[in-house]
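As stored in final.cif (mmCIF, C-alpha atoms):
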```cif
data_upload
#
loop_
_atom_site.label_atom_id
_atom_site.label_comp_id
_atom_site.auth_asym_id
_atom_site.auth_seq_id
_atom_site.Cartn_x
_atom_site.Cartn_y
_atom_site.Cartn_z
CA MET A 213 13.42 -22.24 -44.17
CA ALA A 214 12.89 -24.47 -41.12
CA ARG A 215 14.36 -21.79 -38.89
CA ARG A 216 11.82 -19.24 -40.13
CA LEU A 217 8.92 -21.55 -39.41
CA GLY A 218 10.18 -22.07 -35.84
CA VAL A 219 10.24 -18.33 -35.20
CA ARG A 220 6.79 -17.85 -36.66
CA SER A 221 5.30 -20.68 -34.64
CA ARG A 222 6.56 -19.10 -31.38
CA ALA A 223 4.99 -15.73 -32.19
CA PRO A 224 1.42 -16.75 -31.20
CA VAL A 225 2.74 -18.20 -27.92
CA ALA A 226 4.55 -14.94 -27.14
CA LEU A 227 1.45 -12.95 -28.03
CA VAL A 228 -0.71 -15.05 -25.70
CA GLY A 229 1.85 -14.54 -22.89
CA LEU A 230 1.86 -10.79 -23.49
CA VAL A 231 -1.94 -10.62 -23.42
CA ALA A 232 -2.02 -12.64 -20.17
CA LEU A 233 0.54 -10.31 -18.57
CA ALA A 234 -1.48 -7.26 -19.64
CA ALA A 235 -4.62 -8.79 -18.09
CA VAL A 236 -2.83 -9.34 -14.77
CA ILE A 237 -1.51 -5.78 -14.76
CA ALA A 238 -4.92 -4.35 -15.67
CA GLY A 239 -6.62 -6.42 -12.97
CA CYS A 240 -4.18 -5.22 -10.35
CA GLY A 241 -4.60 -1.61 -11.34
CA SER A 242 -8.36 -1.62 -11.08
CA GLY A 243 -9.73 -0.31 -7.83
CA GLY A 244 -11.72 -2.19 -5.23
CA GLY A 245 -13.29 -5.61 -5.35
CA GLN A 246 -11.23 -8.75 -5.41
CA HIS A 247 -8.33 -7.09 -7.23
CA GLY A 248 -7.36 -4.75 -4.45
CA PRO A 249 -8.49 -2.12 -2.00
CA ASN A 250 -9.90 1.28 -2.75
CA LEU A 251 -8.65 4.33 -0.84
CA THR A 252 -12.24 5.42 -0.10
CA GLN A 253 -12.63 2.27 2.04
CA LEU A 254 -10.15 3.59 4.61
CA PRO A 255 -11.50 5.96 7.29
CA LEU A 256 -8.68 8.52 7.51
CA VAL A 257 -8.76 11.27 10.11
CA ASP A 258 -10.73 14.29 8.92
CA GLY A 259 -8.53 16.79 7.12
CA ALA A 260 -5.73 14.35 6.28
CA ASN A 261 -4.16 14.70 2.84
CA VAL A 262 -2.66 11.89 0.78
CA VAL A 263 0.54 13.41 -0.67
CA ALA A 264 1.87 10.26 -2.35
CA GLN A 265 0.16 7.06 -3.42
CA VAL A 266 1.40 3.91 -5.14
CA ARG A 267 -0.55 0.79 -6.00
CA SER A 268 1.79 -2.15 -5.48
CA CYS A 269 1.11 -5.64 -6.72
CA ASP A 270 2.63 -9.01 -6.01
CA ARG A 271 1.94 -11.33 -8.90
CA GLY A 272 3.53 -14.34 -7.19
CA LYS A 273 1.91 -17.44 -5.79
CA ASN A 274 -0.20 -15.42 -3.31
CA ALA A 275 -1.05 -12.55 -5.66
CA TYR A 276 -2.50 -9.36 -4.20
CA CYS A 277 -2.59 -5.61 -4.69
CA ALA A 278 -2.18 -2.93 -2.06
CA ILE A 279 -2.17 0.83 -1.85
CA GLU A 280 0.84 2.43 -0.18
CA MET A 281 0.55 6.08 0.70
CA VAL A 282 1.93 8.98 2.68
CA VAL A 283 -0.64 10.96 4.65
CA VAL A 284 0.01 14.47 6.03
CA ASP A 285 -2.10 16.57 8.35
CA ARG A 286 -0.50 19.87 9.43
CA ARG A 287 -3.13 20.45 12.13
CA TYR A 288 -1.24 17.99 14.32
CA LYS A 289 1.69 18.93 16.52
CA ASN A 290 3.60 15.78 15.54
CA SER A 291 3.37 12.50 13.63
CA THR A 292 2.85 10.43 16.77
CA ARG A 293 -0.36 12.29 17.55
CA LEU A 294 -1.55 11.82 13.94
CA VAL A 295 -0.99 8.06 14.20
CA GLU A 296 -2.77 7.92 17.56
CA ASP A 297 -5.79 9.76 16.16
CA GLU A 298 -5.84 7.50 13.10
CA HIS A 299 -5.91 4.53 15.49
CA SER A 300 -8.90 6.08 17.28
CA GLN A 301 -10.62 6.83 13.96
CA LEU A 302 -10.26 3.22 12.85
CA ARG A 303 -11.59 1.89 16.18
CA LYS A 304 -14.56 4.27 15.93
CA HIS A 305 -15.41 2.70 12.56
CA GLY A 306 -15.24 -0.86 13.91
CA TRP A 307 -11.71 -1.77 12.82
CA THR A 308 -9.85 -4.06 15.23
CA GLY A 309 -6.35 -3.04 16.30
CA GLY A 310 -3.22 -5.12 16.03
CA GLN A 311 0.54 -5.09 15.70
CA GLY A 312 2.28 -4.26 12.42
CA ASP A 313 5.22 -6.04 10.82
CA PHE A 314 7.71 -4.42 13.22
CA SER A 315 7.57 -2.51 16.50
CA GLN A 316 7.16 0.96 14.95
CA GLN A 317 3.92 0.00 13.17
CA LYS A 318 0.29 -0.35 14.15
CA ALA A 319 -2.23 -2.42 12.21
CA ALA A 320 -5.98 -2.87 12.03
CA ASP A 321 -8.49 -5.11 10.27
CA SER A 322 -11.75 -3.80 8.86
CA PRO A 323 -15.08 -5.17 10.02
CA GLY A 324 -15.39 -8.60 8.40
CA HIS A 325 -11.59 -8.65 7.90
CA LYS A 326 -11.95 -7.64 4.24
CA LEU A 327 -9.13 -5.09 4.52
CA ARG A 328 -5.97 -4.70 6.59
CA VAL A 329 -4.16 -1.44 7.18
CA THR A 330 -0.65 -1.04 8.53
CA TYR A 331 0.55 2.44 9.48
CA ALA A 332 3.39 4.23 11.25
CA THR A 333 4.90 7.65 11.71
CA ALA A 334 7.08 8.81 8.85
CA ALA A 335 10.17 8.49 11.06
CA GLY A 336 9.18 5.01 12.23
CA ASP A 337 8.61 3.75 8.70
CA LEU A 338 11.86 5.24 7.42
CA ARG A 339 13.66 3.54 10.31
CA GLY A 340 12.16 0.22 9.19
CA VAL A 341 13.27 0.85 5.61
CA ASP A 342 16.78 1.79 6.76
CA LEU A 343 17.09 -1.34 8.92
CA GLY A 344 15.74 -3.57 6.15
CA SER A 345 12.67 -4.59 8.18
CA ILE A 346 10.32 -3.37 5.45
CA GLN A 347 10.45 -2.29 1.84
CA ARG A 348 8.65 0.67 0.30
CA PRO A 349 8.45 1.90 -3.29
CA ARG A 350 10.98 4.63 -4.00
CA GLU A 351 8.22 7.23 -4.44
CA ILE A 352 6.87 6.49 -0.94
CA THR A 353 10.31 6.54 0.69
CA LEU A 354 11.12 9.89 -0.94
CA ALA A 355 7.75 11.36 0.09
CA LEU A 356 8.33 10.22 3.68
CA SER A 357 11.77 11.82 3.61
CA ARG A 358 10.33 15.10 2.29
CA THR A 359 7.79 15.21 5.12
CA MET A 360 10.62 14.76 7.62
CA PHE A 361 12.62 17.64 6.12
CA ASP A 362 9.44 19.80 6.05
CA GLN A 363 8.73 18.84 9.68
CA ALA A 364 5.20 17.90 8.61
CA PRO A 365 3.16 15.50 10.76
CA ALA A 366 2.98 12.46 8.49
CA MET A 367 2.39 8.74 8.46
CA SER A 368 2.99 5.90 6.08
CA VAL A 369 -0.06 3.75 5.32
CA LEU A 370 -0.34 0.35 3.62
CA LEU A 371 -3.89 -0.75 2.75
CA GLU A 372 -4.36 -4.29 1.47
CA VAL A 373 -7.00 -6.96 1.11
CA GLY A 374 -7.48 -8.80 4.41
CA ALA A 375 -7.52 -12.49 5.21
CA SER A 376 -11.29 -13.03 4.93
#
```
Transcribe the structure of this file into structure tokens.
Amino acid sequence: MARRLGVRSRAPVALVGLVALAAVIAGCGSGGGQHGPNLTQLPLVDGANVVAQVRSCDRGKNAYCAIEMVVVDRRYKNSTRLVEDEHSQLRKHGWTGGQGDFSQQKAADSPGHKLRVTYATAAGDLRGVDLGSIQRPREITLALSRTMFDQAPAMSVLLEVGAS
């Protein structure tokens, strides 16, 4: 009988934990605001298409949510030119340029530093994944690989809340 009471008394605690976890997941999945960036906040080059998109969340001590995506634009001759034009597009909209997490990447902060974007050619990002310099969700890595096999001008983009 005592054993049954112990199990029953833990049920409300488990339920509270489950509800708290659901709230964290729901908060991360919502777009914009303090929970994470919104894709519409990023000035992509005109005509670019997002072919894969994953919202990634880190629920650790420094919790945040980010959008990882693969962008393709077949009007470009190659991925390097696409990345260069994206850099120009960001600068035109007041974003400040910077260095990414490794040499193949570029980065920029939005006006007011509310958002940070890191981007690279598909080949550059896959090189970083292969060397262990960065990690990407499986869906993003596979989409980057497909663009390489299709010889499509593509870039990997990570949009996250900035340091403001």
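Evaluated against the shown file, the PyMOL selection byres ((chain A and resi 324-329) around 9) gives A:Pro249, A:Gln253, A:Leu254, A:Trp307, A:Thr308, A:Gly312, A:Lys318, A:Ala319, A:Ala320, A:Asp321, A:Ser322, A:Pro323, A:Thr330, A:Tyr331, A:Val369, A:Leu370, A:Leu371, A:Glu372, A:Val373, A:Gly374, A:Ala375, A:Ser376.
Closest approach to Gly309 (chain A) from the set A:Ala275, A:Leu343, A:Glu296, A:Val282 is made by A:Glu296, with distances taken over all atoms listed in the file.
Nearest residue to Tyr276 (chain A) among A:Gly259, A:Pro349, A:Gly248, A:Gly306 is A:Gly248, counting all atoms listed in the file.
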What separates CA of Val257 (chain A) and CA of Ser300 (chain A) is a distance of 8.9 Å
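Near (-4.2, 12.7, 17.1), the residues inside the 12 Å limit, counting only C-alpha atoms, come to A:Leu256, A:Val257, A:Asp258, A:Gly259, A:Ala260, A:Val284, A:Asp285, A:Arg286, A:Arg287, A:Tyr288, A:Lys289, A:Asn290, A:Ser291, A:Thr292, A:Arg293, A:Leu294, A:Val295, A:Glu296, A:Asp297, A:Glu298, A:His299, A:Ser300, A:Gln301, A:Thr333, A:Pro365, A:Ala366, A:Met367.
The space separating CA of Asn274 (chain A) from CA of Leu354 (chain A) comes to 27.8 Å.
Compared by their closest atoms to Val266 (chain A), and using only C-alpha atoms, the residues A:Thr252, A:His305, A:Ala334, A:Met281 rank with A:Met281 nearest.
The spacing separating CA of Ala332 (chain A) from CA of Glu351 (chain A) amounts to 16.7 Å.
When the PyMOL selection byres ((chain A and resi 338) around 10) is evaluated on the file shown here, the picked residues come out as A:Gln316, A:Ala332, A:Thr333, A:Ala334, A:Ala335, A:Gly336, A:Asp337, A:Arg339, A:Gly340, A:Val341, A:Asp342, A:Leu343, A:Gly344, A:Ser345, A:Ile346, A:Gln347, A:Arg348, A:Ile352, A:Thr353, A:Leu354, A:Leu356, A:Ser357, A:Met360, A:Ser368.
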Please produce a file of the residues just selected, as a short mmCIF file (atom, residue, chain, number, x, y, z; two decimals), keeping the file's coordinate frame, where the atoms kept are C-alpha atoms.
```
data_model
loop_
_atom_site.label_atom_id
_atom_site.label_comp_id
_atom_site.auth_asym_id
_atom_site.auth_seq_id
_atom_site.Cartn_x
_atom_site.Cartn_y
_atom_site.Cartn_z
CA GLN A 316 7.16 0.96 14.95
CA ALA A 332 3.39 4.23 11.25
CA THR A 333 4.90 7.65 11.71
CA ALA A 334 7.08 8.81 8.85
CA ALA A 335 10.17 8.49 11.06
CA GLY A 336 9.18 5.01 12.23
CA ASP A 337 8.61 3.75 8.70
CA ARG A 339 13.66 3.54 10.31
CA GLY A 340 12.16 0.22 9.19
CA VAL A 341 13.27 0.85 5.61
CA ASP A 342 16.78 1.79 6.76
CA LEU A 343 17.09 -1.34 8.92
CA GLY A 344 15.74 -3.57 6.15
CA SER A 345 12.67 -4.59 8.18
CA ILE A 346 10.32 -3.37 5.45
CA GLN A 347 10.45 -2.29 1.84
CA ARG A 348 8.65 0.67 0.30
CA ILE A 352 6.87 6.49 -0.94
CA THR A 353 10.31 6.54 0.69
CA LEU A 354 11.12 9.89 -0.94
CA LEU A 356 8.33 10.22 3.68
CA SER A 357 11.77 11.82 3.61
CA MET A 360 10.62 14.76 7.62
CA SER A 368 2.99 5.90 6.08
#
```
For Ala264 (chain A), which residue out of A:Phe361, A:Leu302, A:Gln317, A:Arg350 is the nearest one, using all atoms listed in the file? A:Arg350
